Amino acid sequence: MAPSAATLVEAPLQSTVENIETNFQPFYVLHKASSRKNSRKSNLCGKSRKRTKLSPSGPNGIENLDNEEPDGSQLEHLRMECLELVWSKLETTIKDVLRDTNVQVFDDISRWVYESFAAIRSSGTPSSSSATRPFPTFTRAECKVLFTGLVLTKNMEVVDDLLTFEELGFHLKSHGCHVASLSSQELSAKSSIGGCIRSLLRQLLKVTVDAADMFILASWYREQGYYEKPVVVIVEDIERCCGSVLSDFIIMLSEWVVKIPIILIMGVATTIDAPANVLRSNALQQLCASKFILGSPAERMEAVVEAVLLRHCCMFSIGHKVAVFLRKYFLNQDGTLTSFIRAMKIACVQHFSMEPLSFMLARLLVEEENMDGNCASFLEVLPKHASDLLSDSRYSLVEGTDNNLGNILSELKRWRKKWSIVVLCLYQVGKFGKVQLLDLLCEALDPQFFKPLTSENSSRLQQEQGTSFSSSYELPYQFSSRKDGYIYQVVRKVRDLPAEFLHQLLMSWEKITGCVPEIHQNVKDLLLAFKLGNGKSSEKDIADLSKRHASRNGLFVKNSKPIMEKTESFLNSLVREHMRPVECIPFHELICFKDVRKLQLALIGDPRRRIQVDLLEFQKIIKCTCCSENMNSLLPCAHDSTIMYSLAQEHGDLINLHDWFQSFKRVISHPQAKGNHRTKQCSTPKKRKDKPTVERKSNASIQARFCTAVTELQIAGLLRMPSKRRPDYVQRVAFGL
Amino acid sequence: MEVDDLDDEEFAFSRNYFLAKELGGSKKKSSGKLADIDVVDEQELRAAAANTEPKHEREIAALISSYKSSYAKWVFELRCGFGLLMYGFGSKKSLIEDFASTALMDYSVIVVNGYLQSVNIKQVIIAIAEELSDQLKSRPKNASGSNVHQTFSSRSMDDLFVFLNGSNEEDKDCFVCVVIHNIDGPGLRDSETQEYLARVAACSHVRIIASVDHVNAPLLWDKKMVHTQFNWLWYHVPTFAPYKIEGMFFPLILAHGGTAQSAKTATIVLQSLTPNAQSVFKVLIEHQLSHPDEEGMPIDKLYAICRERFLVSSQITLNSHLTEFKDHELVKTRRHSDGQDCLYIPLPSEALEKLLTELS
């Protein structure tokens with residue numbers, strides 16, 4: 001498909017030459033959207049609109065493609081649609097989870113807003129004559145109080161709270177408030193107070209005005225229906241705002257508060273005394289502050305991971321290495337939930353762009369939504385193509401099973417259900433021992449723990465378990481957790497649980513396992529045994545166990561010993577039987593993203609290191625035969641900048657230009673130069689003016705090459721140019737990779 | 001184990017730094033002077049640089065064309081709402097333009113040359129808005145077509161962002177691609193421009209394909225910009241192609257200094273100033289030429305002459321001219337023997353004469 005190298009390069013180079021004047025225009029239009037493709041696209045978009053609604057007719061939309069042989073672009077289109085489906089589902093799940101974690105605080109805030117609003121109203125509304133005057137009403141000091149909610153985010157990363165405050169805005173709007181928010185840029189010294197007012201006017205009045213006048217806002221508010229709704233102004237991050245601008249803004253708002261009942265909500269990343277550090281005292285006096293606390297980033301992270309990777313919202317999974325990378329990235333590098341979500345999206349996109357059969361995920365999703373079996377038609381789509389793809393050697397075919405797409409998918413689905421139930425059950429125990437979900441998950445995904453059973457183990461197991469092995473997975477493979485691993489710890493933890501917690505645990509398991517009857521039954525049995533074990537206690541006693549447990553604690557501990565052992569062995573068997581890391585499932589490639597390197601490269605660019613490696617290991621990238629033979633020596637045929645940068649490594653933080661030039665010259669003019677050229681004995685004889693022109697010419701070209709290489713290194717930011725004080729030296733900027 | 005890797009890396013970095021420092025300090029500094037190199041004159045140098053024979057042409061061509069196989073994936077990712085950020089050694093200008101003109105024909109493409117010294121970001125945003133409005137108009141059943149007729153140049157930045165960030169429920173695939181060569185370049189490097197670019201990138205109707213060359217380019221952005229606005233996908237695409245156009249604005253290291261050169265730069269700077277400022281500078285030149293032995297011209301004397309000739313009305317105006325000169329290193333101050341500060345132009349007499357003739 002790819003034309004020969006020579007012709008390919010011609011094209012871009014030519015275009016550079018042709019557009020020579022465009023190179024010096026700050027910007028220009030390269031081309032306009034071609035109309036031919038527009039029509040094709042709108043056709044496809046019509047389909048996509050139909051599909052994304054996820055209606056039962058969704059799969060039928062694809063049937064149109066069935067008539068013709070699908071080509072690459074149509075398959076790509078399918079994958080794209082599937083991606084949209086999966087990601088929109090994941091995104092809404094994440095948003096819902098985050099909203100749920102905050103919903104309590106949001107309710108508190110909106111209640112407080114209305115209480116404050118009532119307080120402002122009770123202090124008296126302005127008379128109609130004073131309300132129309134273009135200046136604030138002068139009132140007693142206590143009427144100038146500005147009600148302020150300080151929302152402690154417990155998080156230094158503002159980026160994670162942007163969404164929270166946006167959601168808070170929606171929440172308050174839905175409760176009938178006028179809401180506007182101001183970012184730290186709008187509260188900066190540059191945009192000053194005028195910028196704040198303009199921004200308020202733009203958000204509340206939906207108009208852009210040049211005059212920043214509070215009176216416009218006041219008259220707008222009067223027109224809105226007198227004193228019916230509070231006006232809430234959200235400042236996302238007060239620590240980043242300019243203190244004096246914010247102080248002025250607060251003082252101004254407090255003067256207008258009788259005419260416009262403004263209530264302020266401010267995000268605080270550090271501690272409750274942050275306003276005292278940021279604001280001037282006269283502004284501080286105007287505030288009547290209340291405190292609200294959001295959940296910590298770690299809690300939110302757990303909730304998101306649980307929803308995205310364990311709950312049944314979609315089948316998309318990640319491999320062990322990806323999970324380990326994400327954990328490391330979250331804990332050690334970035335620490336923001338936003339970046340975690342972004343990484344998930346990148347993983348998703350990479351999966352759908354690389355995995356040819358990934359569009360089958362859509363079928364699983366549609367099936368989930370629409371249980372009446374309407375999806376059979378979907379299965380018909382592209383059957384030939386799908387089986388062609390399936391027979392691709394990439395997938396490890398399982399002997400003895402027919403590799404029918406339908407079977408494969410339902411098998412995957414069954415696996416996913418059981419696996420996530422096991423992890424969730426473990427997580428419920430882990431919560432008592434403060435085990436992080438991500439840690440558990442990384443271990444549960446590790447294919448290394450899924451080992452062949454030794455004969456000794458196997459016989460012991462059979463004694464323990466009798467015939468209770470589930471038939472779906474055949475031993476001799478089983479999950480055996482490491483002795484110092486989290487899963488092992490969690491299983492052991494069960495026996496230390498007090499009876500009350502054990503009851504809670506069993507109740508939560510009952511909820512989790514609902515969708516897999518065989519496990520659910522076992523949990524029910526356990527619950528029953530628990531109740532019976534407590535002999536005399538009736539159903540009702542168990543129900544309000546927590547209220548009374550203090551007085552009956554002794555009894556419980558004594559009676560619940562056998563049940564604890566039972567629970568532990570149940571959990572053990574769960575892990576052994578159903579814990580199967582995704583990478584050990586046949587055809588997991590369809591739903592699982594494993595390429596950690598791709599994800600890492602796309603997520604974290606590392607220009608500092610990589611640009612230097614490009615230079616130093618030029619021959620590896622360019623794959624040139626002459627250079628790769630002599631890896632350890634600098635050859636004149638290497639790229640000039642490579643030669644220069646390698647030479648620069650020999651210098652200290654300052655590079656003498658003269659020496660550098662001489663060694664460069666020596667390398668490029670001696671074809672047989674070996675590694676020892678680097679010893680810096682700059683004893684080249686000085687050139688004479690009366691040398692022949694040919695030599696002068698070559699001299700000019702060497703100097704030109706030297707200059708070009710220096711410029712290139714300068715563009716890469718690896719050098720700092722000579723200063724006035726040291727005209728003969730350039731400074732190295734990067735040290736080591 | 002991974003944590004250890006990280007620590008090792010950091011340790012290696014600091015060790016390298018101190019080793020380099022030591023190397024600089026312990027060895028006797030080389031006394032080699034640039035002047036010892038028999039430098040040919042600048043024009044010859046520029047000509048030679050333009051004619052430099054490229055090395056490994058075939059391999060580089062093969063390398064660049066190997067990226068063509070990724071084009072489809074890049075388009076896929078752009079459609080998913082990501083921005084593409086290309087880095088790696090070598091000019092990526094032709095690579096990206098080739099990508100844009102072969103794989104992005106469905107979308108309007110605007111190219112911004114960030115390697116230029118100044119780029120007017122508002123103009124760029126207006127151009128994007130115009131392209132988008134054209135693209136929207138050409139679509140059938142376009143509901144928002146009616147309100148895009150007014151000119152964009154008169155709108156405020158906020159309005160433009162609102163337009164670019166319009167709802168794309170109807171068609172997620174309607175966007176304008178903006179190619180930014182050297183988003184870390186001199187014309188775009190300041191934080192305000194980067195804020196604007198980030199806001200543009202966050203708009204639903206815009207996708208960005210950018211390149212960076214500087215090793216510290218990521219320092220331009222904070223987490224908010226990276227994660228929620230630019231939404232970068234990094235691509236390591238070294239090309240080893242020469243930075244022909246990007247490097248054009250850098251002075252050649254062996255060609256700095258020289259009378260002709262500095263007079264020329266001075267002329268260029270002065271021509272961009274007001275006639276009055278030029279005249280003030282002329283007064284300085286005349287003084288320096290007529291008193292070649294003195295340290296310089298005292299400020300009050302300069303002020304007196306300038307007032308006489310109606311060049312300045314107050315000390316403040318004069319000072320503002322002088323600040324301008326000092327910023328461009330056209331004028332320096334030094335202490336006169338009697339303790340007074342005086343001004344001088346750090347150029348030789350010949351250069352001054354040349355300058356004088358060019359100014360008048």
# chains A, B, ... in the order shown; residues from 1 in each chain; ligands from 1
>>> residues_around(residues="Leu78 (chain A)", least_positions_apart="4", cutoff="9 Å", atoms="only C-alpha atoms", output="list of chain:residue names")
A:Ile62, A:Ser73, A:Gln74, A:Cys82, A:Leu83, A:Phe359
>>> write_last_selection(atoms="C-alpha atoms", output="mmCIF file, in the first residue's frame")
data_model
loop_
_atom_site.group_PDB
_atom_site.id
_atom_site.type_symbol
_atom_site.label_atom_id
_atom_site.label_comp_id
_atom_site.auth_asym_id
_atom_site.auth_seq_id
_atom_site.Cartn_x
_atom_site.Cartn_y
_atom_site.Cartn_z
ATOM 1 C CA ILE A 62 -26.359 -1.342 10.945
ATOM 2 C CA SER A 73 -13.878 2.680 6.605
ATOM 3 C CA GLN A 74 -17.253 1.194 7.425
ATOM 4 C CA CYS A 82 -19.317 1.724 19.453
ATOM 5 C CA LEU A 83 -16.726 3.884 21.124
ATOM 6 C CA PHE A 359 -17.255 -3.051 17.790
#
>>> interface_residues(of="chain B", to="chain A", cutoff="6 Å", atoms="only C-alpha atoms", output="PyMOL selection string")
chain B and resi 13+16-17+20-21+23-24+32-34+45+48-49+59+61-62+88-89+94+98+105-113+119+213-215+224+233-234+252-253
>>> write_last_selection(atoms="C-alpha atoms", output="PDB file, in the first residue's frame")
ATOM      1  CA  PHE B  13      19.750  13.524  37.127  1.00  0.00           C
ATOM      2  CA  ASN B  16      24.786  14.418  36.305  1.00  0.00           C
ATOM      3  CA  TYR B  17      24.112  18.031  37.056  1.00  0.00           C
ATOM      4  CA  ALA B  20      28.760  18.703  34.900  1.00  0.00           C
ATOM      5  CA  LYS B  21      29.183  21.615  37.275  1.00  0.00           C
ATOM      6  CA  LEU B  23      33.678  19.365  35.234  1.00  0.00           C
ATOM      7  CA  GLY B  24      33.217  23.005  34.426  1.00  0.00           C
ATOM      8  CA  GLY B  32      39.822  29.101  23.136  1.00  0.00           C
ATOM      9  CA  LYS B  33      38.305  32.206  21.638  1.00  0.00           C
ATOM     10  CA  LEU B  34      35.692  32.415  18.974  1.00  0.00           C
ATOM     11  CA  LEU B  45      27.684  31.420   5.870  1.00  0.00           C
ATOM     12  CA  ALA B  48      26.569  27.637   2.686  1.00  0.00           C
ATOM     13  CA  ALA B  49      23.931  26.725   5.264  1.00  0.00           C
ATOM     14  CA  GLU B  59      16.452   6.843   5.665  1.00  0.00           C
ATOM     15  CA  ALA B  61      12.366   9.848   3.993  1.00  0.00           C
ATOM     16  CA  ALA B  62      11.508   6.310   4.990  1.00  0.00           C
ATOM     17  CA  GLY B  88      10.679  14.592  18.796  1.00  0.00           C
ATOM     18  CA  PHE B  89      13.795  15.909  17.137  1.00  0.00           C
ATOM     19  CA  SER B  94       6.031  19.122   6.518  1.00  0.00           C
ATOM     20  CA  ASP B  98       1.138  16.424   4.773  1.00  0.00           C
ATOM     21  CA  MET B 105      -9.732  16.864   3.686  1.00  0.00           C
ATOM     22  CA  ASP B 106     -13.130  16.564   5.334  1.00  0.00           C
ATOM     23  CA  TYR B 107     -12.401  19.450   7.617  1.00  0.00           C
ATOM     24  CA  SER B 108     -11.237  23.000   7.163  1.00  0.00           C
ATOM     25  CA  VAL B 109      -7.648  23.370   8.261  1.00  0.00           C
ATOM     26  CA  ILE B 110      -6.004  26.536   9.507  1.00  0.00           C
ATOM     27  CA  VAL B 111      -2.247  26.643   9.954  1.00  0.00           C
ATOM     28  CA  VAL B 112      -0.639  28.854  12.584  1.00  0.00           C
ATOM     29  CA  ASN B 113       3.102  29.397  12.329  1.00  0.00           C
ATOM     30  CA  VAL B 119       1.191  35.969  16.039  1.00  0.00           C
ATOM     31  CA  ASP B 213      10.371  21.300  19.869  1.00  0.00           C
ATOM     32  CA  HIS B 214      11.580  22.639  23.168  1.00  0.00           C
ATOM     33  CA  VAL B 215      12.452  20.030  25.793  1.00  0.00           C
ATOM     34  CA  LYS B 224      -6.286  22.256  33.965  1.00  0.00           C
ATOM     35  CA  LEU B 233      -2.374  12.884  23.064  1.00  0.00           C
ATOM     36  CA  TRP B 234       1.375  12.907  22.817  1.00  0.00           C
ATOM     37  CA  LEU B 252      23.968  32.210  13.397  1.00  0.00           C
ATOM     38  CA  ILE B 253      26.271  31.702  16.301  1.00  0.00           C
TER      39      ILE B 253
END
>>> residues_around(residues="Ile251 (chain A)", least_positions_apart="2", cutoff="9 Å", atoms="only C-alpha atoms", output="CSV table (one decimal) with C-alpha atoms, in the first residue's frame")
chain,number,residue,atom,x,y,z
A,144,LYS,CA,-24.4,44.6,54.7
A,146,LEU,CA,-22.6,38.9,52.8
A,246,LEU,CA,-11.6,39.7,45.7
A,247,SER,CA,-11.7,42.0,48.7
A,248,ASP,CA,-13.0,44.9,46.6
A,249,PHE,CA,-15.5,42.6,45.0
A,253,LEU,CA,-21.3,43.1,46.8
A,254,SER,CA,-22.0,43.7,50.4
A,255,GLU,CA,-23.1,47.3,49.6
A,256,TRP,CA,-25.5,46.0,47.1
A,282,ASN,CA,-12.5,45.1,56.0
A,283,ALA,CA,-13.7,42.6,53.4
A,284,LEU,CA,-13.5,39.8,55.9
A,286,GLN,CA,-18.5,41.6,55.7
>>> residues_around(residues="Val235 (chain A)", least_positions_apart="6", cutoff="10 Å", atoms="only C-alpha atoms", output="PyMOL selection string")
chain A and resi 150-151+165+180-184+186-187+241+246+264-268
>>> select_by_dssp(residues="region 125-281 of chain A", states="helix (DSSP H, G or I)", output="PyMOL selection string")
chain A and resi 128-131+141-144+158-174+192-205+214-223+238-240+243-256+274-278+281
>>> residues_around(residues="Val278 (chain A)", least_positions_apart="3", cutoff="7 Å", atoms="only C-alpha atoms", output="ChimeraX atom specification")
/A:239,243,274-275
>>> atom_distance(atom1="CA of Leu526 (chain A)", atom2="CA of Met564 (chain A)")
9.5 Å
>>> residues_around(residues="region 161-165 of chain B", least_positions_apart="6", cutoff="8 Å", atoms="only C-alpha atoms", output="ChimeraX atom specification")
/B:129,132,199-200,202-206
>>> closest_residue(among="B:Ser167, B:Gln229, B:Gln271, B:Ser211", to="Lys92 (chain B)", atoms="only C-alpha atoms")
B:Ser211
>>> closest_residue(among="A:Ala323, A:Leu527, A:Ala648, A:Ile193", to="Ile563 (chain A)", atoms="only C-alpha atoms")
A:Leu527
>>> residues_around(residues="Asp525 (chain A)", least_positions_apart="5", cutoff="12 Å", atoms="only C-alpha atoms", output="number ranges by chain")
A: 506-507, 509-510, 518-520, 530-533, 563, 566-567, 570
